[in-house]
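One structure below.
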Amino acid sequence: MSLPGSRILPNAPMAPAELVEAFAQVVTPHISDNLGRHIGARGLTRYNRSGKLVGTAITVKTRPGDNLLIYKAMSLLQPGHVLVVDGQGDTNNAVIGELVKLYAQQRGCVGFVIDGAIRDVASFDDTPCYARAVVHTGPYKTGPGEVNVPVSIGGMLVNPGDLVVGDEDGLVAFSQADAAEVLRRAAQHAEHEEAVKAEIASGAVRQSWIDKVLDHAGLAP
């Protein structure tokens, strides 16, 4: 049996298509606001100029600056996967670039989340990609590493099979088991914000959504 640090585990089940399609319409703030306002990746930059990222996590943990186990993960890719790489925040060597991107897309990969560096950044203009940095220096290919284990991405725990949602505001991930409830609460959140927008548009100086917060804090006018 392999010990932690050198494991290659089977893929987790893929998220159902209907869940993926539903979350394509949900913004990340409405998700994170219903996950305690502290769940989500921080410190990563979105390098694609447009497009939404929604898919199922296949995870990789790499030694800093090394992408051998990313190569192994690419052989396990299924359509709808998001390649989620814990590169331990290292920015000295890029662990993916255009060639990995092109091959992974050919296998059905819908996006990339890299807690580490990428290169060939222009090639990601139209491909969902979040990473910590861009650097020209390439990776080593000696390992070790792990595939389909829990990883840490910008302070966010991502498990294999988690749903990953990313947009211009950031990146969140959560269990498929929680997805239906997250979706329900996010829809309620969206309805609430539409009601607030309508109240703002009324031009009234006193606003119920502001008064509610001030009342709770003992600062009512």
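Letters for chains follow the order of the structure tokens (A, B, ...), residue numbers begin at 1 for each chain, and ligand numbers begin at 1 in the order shown.
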
Can you pull out the residues contacting Ile39 in chain A? Cut-off 7 Å, using only C-alpha atoms, and skip same-chain residues under 2 positions away; I want them as an MDAnalysis selection string.
chainID A and resid 32 35:37 156 172

Residues as selected, N, CA, C and O atoms, written as a PDB file, in the first residue's frame, can you do that?
ATOM      1  N   SER A  32     -20.302  31.558  -1.973  1.00  0.00           N
ATOM      2  CA  SER A  32     -19.462  31.710  -0.778  1.00  0.00           C
ATOM      3  C   SER A  32     -20.215  32.374   0.365  1.00  0.00           C
ATOM      4  O   SER A  32     -19.962  32.070   1.544  1.00  0.00           O
ATOM      5  N   LEU A  35     -21.619  29.710   2.287  1.00  0.00           N
ATOM      6  CA  LEU A  35     -20.641  28.755   2.827  1.00  0.00           C
ATOM      7  C   LEU A  35     -19.836  29.433   3.938  1.00  0.00           C
ATOM      8  O   LEU A  35     -18.616  29.259   4.039  1.00  0.00           O
ATOM      9  N   GLY A  36     -20.533  30.242   4.728  1.00  0.00           N
ATOM     10  CA  GLY A  36     -19.894  30.861   5.883  1.00  0.00           C
ATOM     11  C   GLY A  36     -19.032  32.065   5.565  1.00  0.00           C
ATOM     12  O   GLY A  36     -18.368  32.598   6.449  1.00  0.00           O
ATOM     13  N   ARG A  37     -18.978  32.483   4.298  1.00  0.00           N
ATOM     14  CA  ARG A  37     -18.197  33.638   3.855  1.00  0.00           C
ATOM     15  C   ARG A  37     -16.684  33.469   4.081  1.00  0.00           C
ATOM     16  O   ARG A  37     -15.946  34.451   4.070  1.00  0.00           O
ATOM     17  N   MET A 156      -8.157  26.811   0.493  1.00  0.00           N
ATOM     18  CA  MET A 156      -9.420  26.083   0.334  1.00  0.00           C
ATOM     19  C   MET A 156      -9.138  24.603   0.140  1.00  0.00           C
ATOM     20  O   MET A 156      -8.352  24.225  -0.737  1.00  0.00           O
ATOM     21  N   VAL A 172     -14.611  28.826  -5.953  1.00  0.00           N
ATOM     22  CA  VAL A 172     -15.090  28.069  -4.791  1.00  0.00           C
ATOM     23  C   VAL A 172     -15.215  26.599  -5.180  1.00  0.00           C
ATOM     24  O   VAL A 172     -15.363  26.261  -6.356  1.00  0.00           O
TER      25      VAL A 172
END

Closest pair table for range 21-86 of chain A residues within 10 Å of range 185-198 of chain A, only C-alpha atoms, as CSV:
residue,atom,partner,partner_atom,distance
A:Phe23,CA,A:Ala186,CA,9.6
A:Gln25,CA,A:Ala187,CA,9.8
A:Val26,CA,A:Ala186,CA,7.2
A:Val27,CA,A:Ala186,CA,8.5
A:Thr28,CA,A:Ala186,CA,9.2
A:Pro29,CA,A:Ala186,CA,8.9
A:His30,CA,A:Ala186,CA,5.1
A:Ile31,CA,A:Ala186,CA,5.7
A:Ser32,CA,A:Ala186,CA,9.0
A:Asp33,CA,A:Ala186,CA,8.3
A:Asn34,CA,A:Arg185,CA,6.7
A:Leu35,CA,A:Arg185,CA,9.8

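Residue nearest Pro64 in chain A within the list A:Pro16, A:Gly166, A:Gly89, A:Gly43: A:Gly89 [criterion: smallest interatomic distance, only C-alpha atoms].
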
Once you count only C-alpha atoms, what closest atom pair and distance in Å to one decimal does each residue of range 7-61 of chain A within 8 Å of range 131-154 of chain A have, with rows by chain and rising residue number, as CSV?
residue,atom,partner,partner_atom,distance
A:Arg7,CA,A:Glu146,CA,4.8
A:Ile8,CA,A:Val147,CA,4.7
A:Leu9,CA,A:Asn148,CA,5.4
A:Pro10,CA,A:Asn148,CA,6.7
A:Asn11,CA,A:Asn148,CA,6.4
A:Ala12,CA,A:Asn148,CA,7.7
A:Gly40,CA,A:Gly154,CA,7.8
A:Ala41,CA,A:Gly154,CA,4.5
A:Arg42,CA,A:Gly154,CA,4.8
A:Gly43,CA,A:Gly154,CA,5.9
A:Leu44,CA,A:Arg132,CA,4.5
A:Thr45,CA,A:Ala131,CA,5.5
A:Arg46,CA,A:Ala131,CA,6.8
A:Tyr47,CA,A:Ala131,CA,7.5
A:Ile58,CA,A:Asn148,CA,5.9
A:Thr59,CA,A:Asn148,CA,4.7
A:Val60,CA,A:Val147,CA,4.5
A:Lys61,CA,A:Glu146,CA,5.1

Residues from the last selection, N, CA, C and O atoms, saved as a JSON list (two decimals), in the first residue's frame:
[["chain", "number", "residue", "atom", "x", "y", "z"],
["A", 7, "ARG", "N", 0.82, 8.59, -3.85],
["A", 7, "ARG", "CA", -0.39, 7.80, -4.13],
["A", 7, "ARG", "C", -1.05, 8.22, -5.44],
["A", 7, "ARG", "O", -1.07, 9.40, -5.78],
["A", 8, "ILE", "N", -1.59, 7.24, -6.15],
["A", 8, "ILE", "CA", -2.42, 7.50, -7.32],
["A", 8, "ILE", "C", -3.72, 6.75, -7.08],
["A", 8, "ILE", "O", -3.76, 5.52, -7.14],
["A", 9, "LEU", "N", -4.78, 7.49, -6.80],
["A", 9, "LEU", "CA", -6.06, 6.90, -6.42],
["A", 9, "LEU", "C", -7.06, 7.01, -7.57],
["A", 9, "LEU", "O", -6.90, 7.85, -8.47],
["A", 10, "PRO", "N", -8.11, 6.19, -7.55],
["A", 10, "PRO", "CA", -9.10, 6.24, -8.64],
["A", 10, "PRO", "C", -9.86, 7.56, -8.66],
["A", 10, "PRO", "O", -9.97, 8.25, -7.64],
["A", 11, "ASN", "N", -10.42, 7.88, -9.81],
["A", 11, "ASN", "CA", -11.26, 9.07, -9.94],
["A", 11, "ASN", "C", -12.51, 8.95, -9.08],
["A", 11, "ASN", "O", -13.09, 7.86, -8.95],
["A", 12, "ALA", "N", -12.94, 10.06, -8.53],
["A", 12, "ALA", "CA", -14.24, 10.13, -7.87],
["A", 12, "ALA", "C", -15.32, 10.24, -8.94],
["A", 12, "ALA", "O", -15.04, 10.61, -10.10],
["A", 40, "GLY", "N", -13.37, 29.29, 0.10],
["A", 40, "GLY", "CA", -13.01, 29.74, -1.25],
["A", 40, "GLY", "C", -11.52, 29.99, -1.34],
["A", 40, "GLY", "O", -10.84, 30.19, -0.32],
["A", 41, "ALA", "N", -11.01, 29.97, -2.56],
["A", 41, "ALA", "CA", -9.57, 30.17, -2.77],
["A", 41, "ALA", "C", -9.23, 31.65, -2.72],
["A", 41, "ALA", "O", -10.00, 32.50, -3.17],
["A", 42, "ARG", "N", -8.07, 31.95, -2.20],
["A", 42, "ARG", "CA", -7.56, 33.32, -2.16],
["A", 42, "ARG", "C", -6.13, 33.35, -2.71],
["A", 42, "ARG", "O", -5.39, 32.39, -2.55],
["A", 43, "GLY", "N", -5.78, 34.45, -3.34],
["A", 43, "GLY", "CA", -4.41, 34.62, -3.81],
["A", 43, "GLY", "C", -4.15, 34.12, -5.21],
["A", 43, "GLY", "O", -3.03, 34.24, -5.72],
["A", 44, "LEU", "N", -5.19, 33.57, -5.88],
["A", 44, "LEU", "CA", -5.02, 33.13, -7.26],
["A", 44, "LEU", "C", -5.58, 34.19, -8.21],
["A", 44, "LEU", "O", -6.49, 34.94, -7.85],
["A", 45, "THR", "N", -5.03, 34.24, -9.40],
["A", 45, "THR", "CA", -5.47, 35.18, -10.43],
["A", 45, "THR", "C", -6.18, 34.43, -11.55],
["A", 45, "THR", "O", -5.76, 33.32, -11.92],
["A", 46, "ARG", "N", -7.24, 35.03, -12.05],
["A", 46, "ARG", "CA", -7.95, 34.45, -13.19],
["A", 46, "ARG", "C", -7.27, 34.93, -14.47],
["A", 46, "ARG", "O", -7.20, 36.14, -14.72],
["A", 47, "TYR", "N", -6.80, 34.00, -15.29],
["A", 47, "TYR", "CA", -6.05, 34.37, -16.49],
["A", 47, "TYR", "C", -6.87, 34.30, -17.77],
["A", 47, "TYR", "O", -6.43, 34.80, -18.80],
["A", 58, "ILE", "N", -10.51, 16.83, -10.47],
["A", 58, "ILE", "CA", -9.51, 15.77, -10.38],
["A", 58, "ILE", "C", -8.29, 16.45, -9.80],
["A", 58, "ILE", "O", -7.85, 17.49, -10.29],
["A", 59, "THR", "N", -7.77, 15.94, -8.70],
["A", 59, "THR", "CA", -6.77, 16.67, -7.93],
["A", 59, "THR", "C", -5.38, 16.07, -8.08],
["A", 59, "THR", "O", -5.21, 14.86, -8.24],
["A", 60, "VAL", "N", -4.39, 16.97, -7.98],
["A", 60, "VAL", "CA", -2.99, 16.56, -8.03],
["A", 60, "VAL", "C", -2.24, 17.34, -6.95],
["A", 60, "VAL", "O", -2.44, 18.55, -6.82],
["A", 61, "LYS", "N", -1.40, 16.67, -6.21],
["A", 61, "LYS", "CA", -0.47, 17.35, -5.31],
["A", 61, "LYS", "C", 0.93, 17.09, -5.83],
["A", 61, "LYS", "O", 1.34, 15.94, -5.99]]

Write out as a ChimeraX atom specification the residues lying within 12 Å of Arg49 in chain A, counting only C-alpha atoms and excluding same-chain residues fewer than 2 positions away.
/A:45-47,51-53,121-130,167-168

Residue list (strand (DSSP E or B), DSSP) for range 78-205 of chain A, as a PyMOL selection string:
chain A and resi 81-86+94-96+111-118+129-134+140+145-147+151-153+156-158+163-167+170-174

Could you give me, as a VMD selection string, each residue of chain A that DSSP assigns to helix (DSSP H, G or I) when run on this structure's backbone?
chain A and resid 17 to 23 28 to 32 68 to 74 98 to 106 121 to 124 176 to 201 208 to 216

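Shortest atom-to-atom contact with Gly170 in chain A among A:Val113, A:Ala22, A:Leu102, A:Val84: A:Val113, counting only C-alpha atoms.
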